[in-house]
Amino acid sequence: MSGVQDGIGLAERLRAVKPSPTIAITQLANELRRAGRDIVGLSQGEPDFDTPDHIRAAAKAAIDAGATRYTDVDGTPELKQAIVRKFQRENGLTYEPGEISVGTGGKQVIANAFSATLDAGDEVIIPAPYLVSYPDMVRLAGGTPVTVACGEAEGFKIGPAALEAAITPRTRWLVLNSPGNPTGSCYSAAELKALAAVLLRHPQVAVLSDDIYEHVLYQSEGFATLAAIEPRLRERILVCNGVSKAYAMTGWRIGYAAGPKPLIRAMAMLQSQSTTNPSSVSQAAAVAALDGGLDFLRARNAVFRERRDLCVEAFEAAGLPCRVPEGAFYLFPSCAGLIGRKRPDGRAIASDVDVATFLLEEVGVAVVPGSAFGLAPFFRISFATATERLRTACDRIASACAVLR
């Protein structure tokens with residue numbers, strides 16, 4: 001127990017875990033709004049579109065039909081079959097329902113996988129920049145995150161040489177996220193093939209392939225996932241996905257994964273002792289989402305692309321160079337040119353955390369510092385917000401940069 005003298009003591013393992021920086025920034029922005037400030041929040045990755053009508057109709061129908069009771073722990077048979085169809089139709093991957101796990105959001109699925117497989121000292125390779133939660137989920141499961149810096153020159157992606165150098169006898173997982181959060185970088189089929197060649201030499205290493213942004217894509221090449229690229233790795237890959245991003249269903253909390261049966265059974269056992277089943281109504285809606293087609297995404301992705309290009313142009317003009325992402329709805333501009341300059345009140349900008357603090361305090365724009373994602377000096381914005389608000393944010397950021405001395 002930690003050194004708490006009165007009340008309930010907290011577990012030692014919590015000392016290594018930090019609250020989510022994206023949620024913390026969002027909460028601070030909300031506090032400033034409640035105090036009367038006009039804040040443009042670009043910190044949270046949530047599409048501003050409504051959940052499509054046919055999905056909402058399916059949820060209403062499920063309620064009316066009385067589908068409001070407990071379900072199987074890790075997903076209804078109907079949803080698992082819809083997920084099996086999705087993987088076959090969209091990715092060319094063949095799974096059985098017994099190889100499918102459904103959880104309360106993608107994070108729970110990933111946390112279940114780590115908790116089911118990691119012992120003290122086991123290592124997980126996480127390319128940086130990364131989703132802020134990956135390292136802490138590893139720590140909570142008793143493992144050791146091994147972050148590998150993947151800079152802008154590498155396209156924010158890990159290459160075969162860097163992967164080879166990071167693998168040790170204690171390595172249990174490699175995490176791949178494509179399109180990636182916070183950068184929007186995508187691994188090509190050729191890049192995944194090169195990584196697969198390394199992984200085939202190290203049979204103790206499994207791969208967590210986080211494909212949650214699969215359908216938020218701007219490149220003509222299309223989406224590639226490792227399980228389809230190298231079938232020999234099939235029994236060592238957990239393919240994770242969900243309905244939150246593509247279908248604008250963040251609040252419905254449905255994530256899912258496909259992988260080897262022994263792991264899926266272990267994840268179900270863990271879930272049976274924590275949350276039990278995901279929402280029955282949300283699962284019915286997810287069936288409609290996965291079976292309902294993707295035509296509506298063309299128009300939405302076109303809007304995302306316009307917003308992306310608007311922000312990239314504005315940031316470049318403001319002296320914030322920014323790699324153009326191939327997917328997702330984030331930008332990760334460099335703020336290296338602002339380090340060492342001074343705010344109007346005389347305080348020095350010494351880090352990307354200082355940049356994010358300055359933008360929020362000075363002009364009311366909430367962004368997340370790149371150090372929260374394991375790589376500085378950058379910051380992340382989400383362009384999944386109304387276009388006019390993005391224009392306002394870009395203008396404010398430019399004006400803030402202009403007053404730094």
# chains A, B, ... in the order shown; residues from 1 in each chain; ligands from 1
call {"tool": "residues_around", "arguments": {"residues": "Leu290 in chain A", "least_positions_apart": "4", "cutoff": "7 Å", "atoms": "only C-alpha atoms", "output": "count of residues only"}}
result
3
call {"tool": "residues_around", "arguments": {"residues": "range 112-116 of chain A", "least_positions_apart": "5", "cutoff": "7 Å", "atoms": "only C-alpha atoms", "output": "ChimeraX atom specification"}}
result
/A:138,141,266-267,270
call {"tool": "write_last_selection", "arguments": {"atoms": "N, CA and C atoms", "output": "compact mmCIF listing (two decimals), in the first residue's frame"}}
result
# COMPACT_ATOMS: atom_id res chain seq x y z
N VAL A 138 -0.29 -0.88 -20.15
CA VAL A 138 0.75 -1.90 -19.96
C VAL A 138 1.18 -1.93 -18.49
N ALA A 141 -1.20 -3.57 -16.17
CA ALA A 141 -1.21 -5.02 -16.32
C ALA A 141 0.05 -5.66 -15.76
N ALA A 266 -9.46 -16.08 -22.50
CA ALA A 266 -8.90 -15.43 -21.31
C ALA A 266 -9.44 -14.02 -21.14
N MET A 267 -9.58 -13.30 -22.24
CA MET A 267 -10.14 -11.95 -22.18
C MET A 267 -11.59 -11.98 -21.71
N LEU A 270 -11.65 -12.46 -17.92
CA LEU A 270 -11.37 -11.21 -17.23
C LEU A 270 -12.58 -10.29 -17.25
call {"tool": "residues_around", "arguments": {"residues": "range 24-36 of chain A", "least_positions_apart": "6", "cutoff": "7 Å", "atoms": "only C-alpha atoms", "output": "list in words"}}
result
Ser43, Gln44, Ala366 and Val368 of chain A
call {"tool": "closest_atom_pairs", "arguments": {"of": "range 117-197 of chain A", "to": "range 241-244 of chain A", "cutoff": "12 Å", "atoms": "only C-alpha atoms", "output": "tab-separated table"}}
result
residue	atom	partner	partner_atom	distance
A:Asn177	CA	A:Asn241	CA	10.3
A:Ser178	CA	A:Asn241	CA	10.9
A:Pro179	CA	A:Asn241	CA	11.7
call {"tool": "closest_atom_pairs", "arguments": {"of": "range 300-328 of chain A", "to": "range 196-214 of chain A", "cutoff": "12 Å", "atoms": "only C-alpha atoms", "output": "CSV"}}
result
residue,atom,partner,partner_atom,distance
A:Asn301,CA,A:Tyr213,CA,11.5
A:Glu326,CA,A:Tyr213,CA,10.8
A:Gly327,CA,A:Tyr213,CA,7.2
A:Ala328,CA,A:Tyr213,CA,5.5
call {"tool": "write_last_selection", "arguments": {"atoms": "N, CA and C atoms", "output": "PDB file, in the first residue's frame"}}
result
ATOM      1  N   ASN A 301     -15.663  11.857 -44.934  1.00  0.00           N
ATOM      2  CA  ASN A 301     -14.220  11.915 -45.116  1.00  0.00           C
ATOM      3  C   ASN A 301     -13.806  13.088 -46.000  1.00  0.00           C
ATOM      4  N   GLU A 326      -2.310  10.773 -43.561  1.00  0.00           N
ATOM      5  CA  GLU A 326      -3.033   9.973 -44.552  1.00  0.00           C
ATOM      6  C   GLU A 326      -4.379   9.478 -44.025  1.00  0.00           C
ATOM      7  N   GLY A 327      -4.603   9.576 -42.729  1.00  0.00           N
ATOM      8  CA  GLY A 327      -5.841   9.076 -42.153  1.00  0.00           C
ATOM      9  C   GLY A 327      -6.095   9.684 -40.789  1.00  0.00           C
ATOM     10  N   ALA A 328      -7.158   9.192 -40.116  1.00  0.00           N
ATOM     11  CA  ALA A 328      -7.614   9.700 -38.814  1.00  0.00           C
ATOM     12  C   ALA A 328      -8.012  11.169 -38.943  1.00  0.00           C
TER      13      ALA A 328
END
call {"tool": "closest_residue", "arguments": {"among": "A:Asp6, A:Glu78, A:Asp38, A:Asp50", "to": "Val365 in chain A", "atoms": "only C-alpha atoms"}}
result
A:Asp38
call {"tool": "closest_residue", "arguments": {"among": "A:Gly41, A:Pro321, A:Pro47, A:Gly103", "to": "Ala268 in chain A", "atoms": "only C-alpha atoms"}}
result
A:Gly103
call {"tool": "residues_around", "arguments": {"residues": "Ile254 in chain A", "least_positions_apart": "5", "cutoff": "10 Å", "atoms": "only C-alpha atoms", "output": "PyMOL selection string"}}
result
chain A and resi 75+102-109+241-244+249+278-279+282-283+285-286
call {"tool": "residues_around", "arguments": {"residues": "Thr225 in chain A", "least_positions_apart": "3", "cutoff": "8 Å", "atoms": "only C-alpha atoms", "output": "list of chain:residue names"}}
result
A:Asn91, A:Ala189, A:Leu192, A:Ser209, A:Asp211, A:Ala228, A:Ile229
call {"tool": "write_last_selection", "arguments": {"atoms": "N, CA and C atoms", "output": "PDB file, in the first residue's frame"}}
result
ATOM      1  N   ASN A  91     -11.603  -6.891 -45.004  1.00  0.00           N
ATOM      2  CA  ASN A  91     -10.177  -7.125 -44.788  1.00  0.00           C
ATOM      3  C   ASN A  91      -9.672  -8.447 -45.345  1.00  0.00           C
ATOM      4  N   ALA A 189       1.343  -1.507 -47.176  1.00  0.00           N
ATOM      5  CA  ALA A 189       1.490  -2.959 -47.222  1.00  0.00           C
ATOM      6  C   ALA A 189       2.966  -3.357 -47.241  1.00  0.00           C
ATOM      7  N   LEU A 192       4.456  -2.940 -43.724  1.00  0.00           N
ATOM      8  CA  LEU A 192       4.017  -4.022 -42.841  1.00  0.00           C
ATOM      9  C   LEU A 192       4.725  -5.333 -43.188  1.00  0.00           C
ATOM     10  N   SER A 209      -2.776  -5.012 -33.209  1.00  0.00           N
ATOM     11  CA  SER A 209      -3.004  -4.151 -34.365  1.00  0.00           C
ATOM     12  C   SER A 209      -4.255  -3.322 -34.106  1.00  0.00           C
ATOM     13  N   ASP A 211      -6.710  -0.917 -35.268  1.00  0.00           N
ATOM     14  CA  ASP A 211      -7.185  -0.441 -36.573  1.00  0.00           C
ATOM     15  C   ASP A 211      -8.405   0.470 -36.447  1.00  0.00           C
ATOM     16  N   ALA A 228      -3.656  -9.546 -42.618  1.00  0.00           N
ATOM     17  CA  ALA A 228      -3.919  -9.867 -44.020  1.00  0.00           C
ATOM     18  C   ALA A 228      -2.631  -9.893 -44.839  1.00  0.00           C
ATOM     19  N   ILE A 229      -1.651  -9.108 -44.415  1.00  0.00           N
ATOM     20  CA  ILE A 229      -0.388  -9.028 -45.165  1.00  0.00           C
ATOM     21  C   ILE A 229       0.455 -10.285 -44.971  1.00  0.00           C
TER      22      ILE A 229
END
call {"tool": "closest_residue", "arguments": {"among": "A:Tyr247, A:Tyr95, A:Tyr134, A:Tyr70", "to": "His215 in chain A", "atoms": "only C-alpha atoms"}}
result
A:Tyr247
call {"tool": "residues_around", "arguments": {"residues": "Arg85 in chain A", "least_positions_apart": "2", "cutoff": "9 Å", "atoms": "only C-alpha atoms", "output": "PyMOL selection string"}}
result
chain A and resi 80-83+87-90+94-95+290-291
call {"tool": "atom_distance", "arguments": {"atom1": "CA of Ser334 in chain A", "atom2": "CA of Val146 in chain A"}}
result
23.5 Å
call {"tool": "atom_distance", "arguments": {"atom1": "CA of Ala62 in chain A", "atom2": "CA of Gly98 in chain A"}}
result
24.1 Å
call {"tool": "closest_residue", "arguments": {"among": "A:Gly45, A:Ser399, A:Arg308, A:Glu361", "to": "Asp345 in chain A", "atoms": "only C-alpha atoms"}}
result
A:Glu361
call {"tool": "closest_residue", "arguments": {"among": "A:Ala314, A:Ala153, A:Met269, A:Ala372", "to": "Pro182 in chain A", "atoms": "only C-alpha atoms"}}
result
A:Ala372
call {"tool": "residues_around", "arguments": {"residues": "Ile349 in chain A", "least_positions_apart": "2", "cutoff": "6 Å", "atoms": "only C-alpha atoms", "output": "ChimeraX atom specification"}}
result
/A:339-342,351,354
call {"tool": "atom_distance", "arguments": {"atom1": "CA of Arg347 in chain A", "atom2": "CA of Arg405 in chain A"}}
result
10.2 Å
call {"tool": "select_by_dssp", "arguments": {"residues": "range 282-388 of chain A", "states": "strand (DSSP E or B)", "output": "PyMOL selection string"}}
result
chain A and resi 327+330-331+334+342+348+365-366+368-369+378-382
call {"tool": "select_by_dssp", "arguments": {"residues": "range 174-255 of chain A", "states": "alpha helix (DSSP H)", "output": "number ranges by chain"}}
result
A: 189-199, 226-229
call {"tool": "closest_residue", "arguments": {"among": "A:Cys150, A:Val73, A:Ala288, A:Leu360", "to": "Gln273 in chain A", "atoms": "only C-alpha atoms"}}
result
A:Val73
call {"tool": "decode", "arguments": {"residues": "range 189-327 of chain A", "atoms": "C-alpha atoms", "output": "CSV table (one decimal), in the first residue's frame"}}
result
chain,number,residue,atom,x,y,z
A,189,ALA,CA,1.5,-3.0,-47.2
A,190,ALA,CA,5.2,-2.9,-48.0
A,191,GLU,CA,6.1,-1.4,-44.7
A,192,LEU,CA,4.0,-4.0,-42.8
A,193,LYS,CA,5.7,-6.8,-44.9
A,194,ALA,CA,9.1,-5.5,-43.8
A,195,LEU,CA,8.0,-5.5,-40.1
A,196,ALA,CA,6.5,-9.0,-40.6
A,197,ALA,CA,9.9,-10.3,-41.7
A,198,VAL,CA,11.4,-9.2,-38.4
A,199,LEU,CA,8.5,-10.7,-36.4
A,200,LEU,CA,8.8,-14.1,-38.0
A,201,ARG,CA,12.3,-14.3,-36.5
A,202,HIS,CA,10.9,-13.7,-33.0
A,203,PRO,CA,8.1,-16.1,-32.2
A,204,GLN,CA,7.6,-14.8,-28.6
A,205,VAL,CA,6.3,-11.4,-29.9
A,206,ALA,CA,2.6,-10.9,-30.5
A,207,VAL,CA,1.1,-7.9,-32.3
A,208,LEU,CA,-1.7,-5.7,-31.2
A,209,SER,CA,-3.0,-4.2,-34.4
A,210,ASP,CA,-5.2,-1.2,-33.4
A,211,ASP,CA,-7.2,-0.4,-36.6
A,212,ILE,CA,-9.8,1.8,-35.0
A,213,TYR,CA,-9.3,4.6,-37.7
A,214,GLU,CA,-9.4,2.1,-40.6
A,215,HIS,CA,-12.2,3.9,-42.4
A,216,VAL,CA,-11.1,7.5,-41.8
A,217,LEU,CA,-8.7,7.4,-44.7
A,218,TYR,CA,-7.5,9.9,-47.3
A,219,GLN,CA,-4.9,8.0,-49.4
A,220,SER,CA,-5.7,6.2,-52.6
A,221,GLU,CA,-3.6,3.2,-51.7
A,222,GLY,CA,-6.2,2.0,-49.2
A,223,PHE,CA,-6.0,0.4,-45.8
A,224,ALA,CA,-3.6,-2.4,-44.9
A,225,THR,CA,-3.6,-4.6,-41.8
A,226,LEU,CA,-0.8,-7.0,-40.8
A,227,ALA,CA,-3.0,-10.1,-40.3
A,228,ALA,CA,-3.9,-9.9,-44.0
A,229,ILE,CA,-0.4,-9.0,-45.2
A,230,GLU,CA,1.3,-12.0,-43.4
A,231,PRO,CA,-1.0,-14.9,-42.7
A,232,ARG,CA,1.9,-16.8,-41.0
A,233,LEU,CA,1.5,-14.4,-38.1
A,234,ARG,CA,-2.2,-14.9,-37.7
A,235,GLU,CA,-2.1,-16.8,-34.4
A,236,ARG,CA,0.1,-14.0,-33.0
A,237,ILE,CA,-2.0,-11.0,-33.9
A,238,LEU,CA,-4.9,-9.4,-32.1
A,239,VAL,CA,-6.8,-7.2,-34.5
A,240,CYS,CA,-8.6,-4.5,-32.6
A,241,ASN,CA,-11.3,-2.2,-33.9
A,242,GLY,CA,-14.6,-0.6,-32.9
A,243,VAL,CA,-17.5,1.6,-34.0
A,244,SER,CA,-16.6,4.8,-32.3
A,245,LYS,CA,-14.7,6.7,-35.0
A,246,ALA,CA,-16.0,5.7,-38.4
A,247,TYR,CA,-19.6,5.5,-37.3
A,248,ALA,CA,-19.6,8.5,-34.9
A,249,MET,CA,-20.5,6.2,-32.0
A,250,THR,CA,-18.1,7.3,-29.3
A,251,GLY,CA,-20.7,7.3,-26.6
A,252,TRP,CA,-22.1,3.9,-27.5
A,253,ARG,CA,-18.9,2.2,-26.1
A,254,ILE,CA,-18.4,-0.8,-28.4
A,255,GLY,CA,-15.0,-2.1,-29.3
A,256,TYR,CA,-14.1,-5.5,-30.6
A,257,ALA,CA,-11.1,-7.7,-31.5
A,258,ALA,CA,-10.3,-10.9,-33.4
A,259,GLY,CA,-7.5,-13.2,-32.4
A,260,PRO,CA,-6.5,-16.7,-31.3
A,261,LYS,CA,-9.1,-18.6,-29.2
A,262,PRO,CA,-7.0,-19.1,-26.1
A,263,LEU,CA,-6.5,-15.4,-25.8
A,264,ILE,CA,-10.1,-14.6,-26.6
A,265,ARG,CA,-11.3,-17.0,-23.8
A,266,ALA,CA,-8.9,-15.4,-21.3
A,267,MET,CA,-10.1,-11.9,-22.2
A,268,ALA,CA,-13.7,-13.1,-21.7
A,269,MET,CA,-12.9,-14.5,-18.3
A,270,LEU,CA,-11.4,-11.2,-17.2
A,271,GLN,CA,-14.3,-9.3,-18.5
A,272,SER,CA,-16.7,-11.6,-16.7
A,273,GLN,CA,-15.1,-10.4,-13.4
A,274,SER,CA,-15.1,-6.7,-14.3
A,275,THR,CA,-17.8,-5.1,-16.5
A,276,THR,CA,-19.5,-8.3,-17.8
A,277,ASN,CA,-21.3,-7.6,-21.1
A,278,PRO,CA,-21.3,-4.3,-23.1
A,279,SER,CA,-24.6,-2.5,-23.4
A,280,SER,CA,-27.2,-4.7,-25.0
A,281,VAL,CA,-28.7,-1.8,-26.9
A,282,SER,CA,-25.3,-0.6,-28.1
A,283,GLN,CA,-24.5,-4.1,-29.4
A,284,ALA,CA,-27.8,-4.1,-31.4
A,285,ALA,CA,-26.8,-0.7,-32.9
A,286,ALA,CA,-23.3,-2.0,-33.7
A,287,VAL,CA,-24.8,-4.9,-35.7
A,288,ALA,CA,-26.7,-2.3,-37.8
A,289,ALA,CA,-23.5,-0.2,-38.2
A,290,LEU,CA,-21.3,-3.1,-39.4
A,291,ASP,CA,-23.9,-4.5,-41.7
A,292,GLY,CA,-25.2,-1.2,-43.0
A,293,GLY,CA,-22.5,-0.2,-45.5
A,294,LEU,CA,-20.0,2.6,-45.6
A,295,ASP,CA,-21.4,4.9,-48.3
A,296,PHE,CA,-22.1,7.7,-45.8
A,297,LEU,CA,-18.4,7.9,-45.1
A,298,ARG,CA,-17.4,9.3,-48.5
A,299,ALA,CA,-19.1,12.7,-47.7
A,300,ARG,CA,-17.8,12.7,-44.1
A,301,ASN,CA,-14.2,11.9,-45.1
A,302,ALA,CA,-14.4,14.6,-47.8
A,303,VAL,CA,-15.3,17.1,-45.0
A,304,PHE,CA,-12.4,15.8,-42.8
A,305,ARG,CA,-10.0,16.2,-45.8
A,306,GLU,CA,-11.1,19.8,-46.3
A,307,ARG,CA,-10.6,20.6,-42.6
A,308,ARG,CA,-7.2,18.9,-42.6
A,309,ASP,CA,-6.0,20.9,-45.6
A,310,LEU,CA,-7.3,24.1,-44.1
A,311,CYS,CA,-5.4,23.6,-40.8
A,312,VAL,CA,-2.2,22.4,-42.5
A,313,GLU,CA,-2.1,25.6,-44.6
A,314,ALA,CA,-2.8,27.8,-41.6
A,315,PHE,CA,-0.2,26.1,-39.4
A,316,GLU,CA,2.5,26.3,-42.1
A,317,ALA,CA,1.8,30.0,-42.5
A,318,ALA,CA,2.1,30.5,-38.8
A,319,GLY,CA,5.5,28.8,-38.7
A,320,LEU,CA,4.2,25.5,-37.4
A,321,PRO,CA,5.4,22.9,-39.9
A,322,CYS,CA,3.0,19.9,-40.2
A,323,ARG,CA,3.2,16.6,-41.9
A,324,VAL,CA,0.0,15.9,-43.9
A,325,PRO,CA,-1.7,12.8,-42.4
A,326,GLU,CA,-3.0,10.0,-44.6
A,327,GLY,CA,-5.8,9.1,-42.2
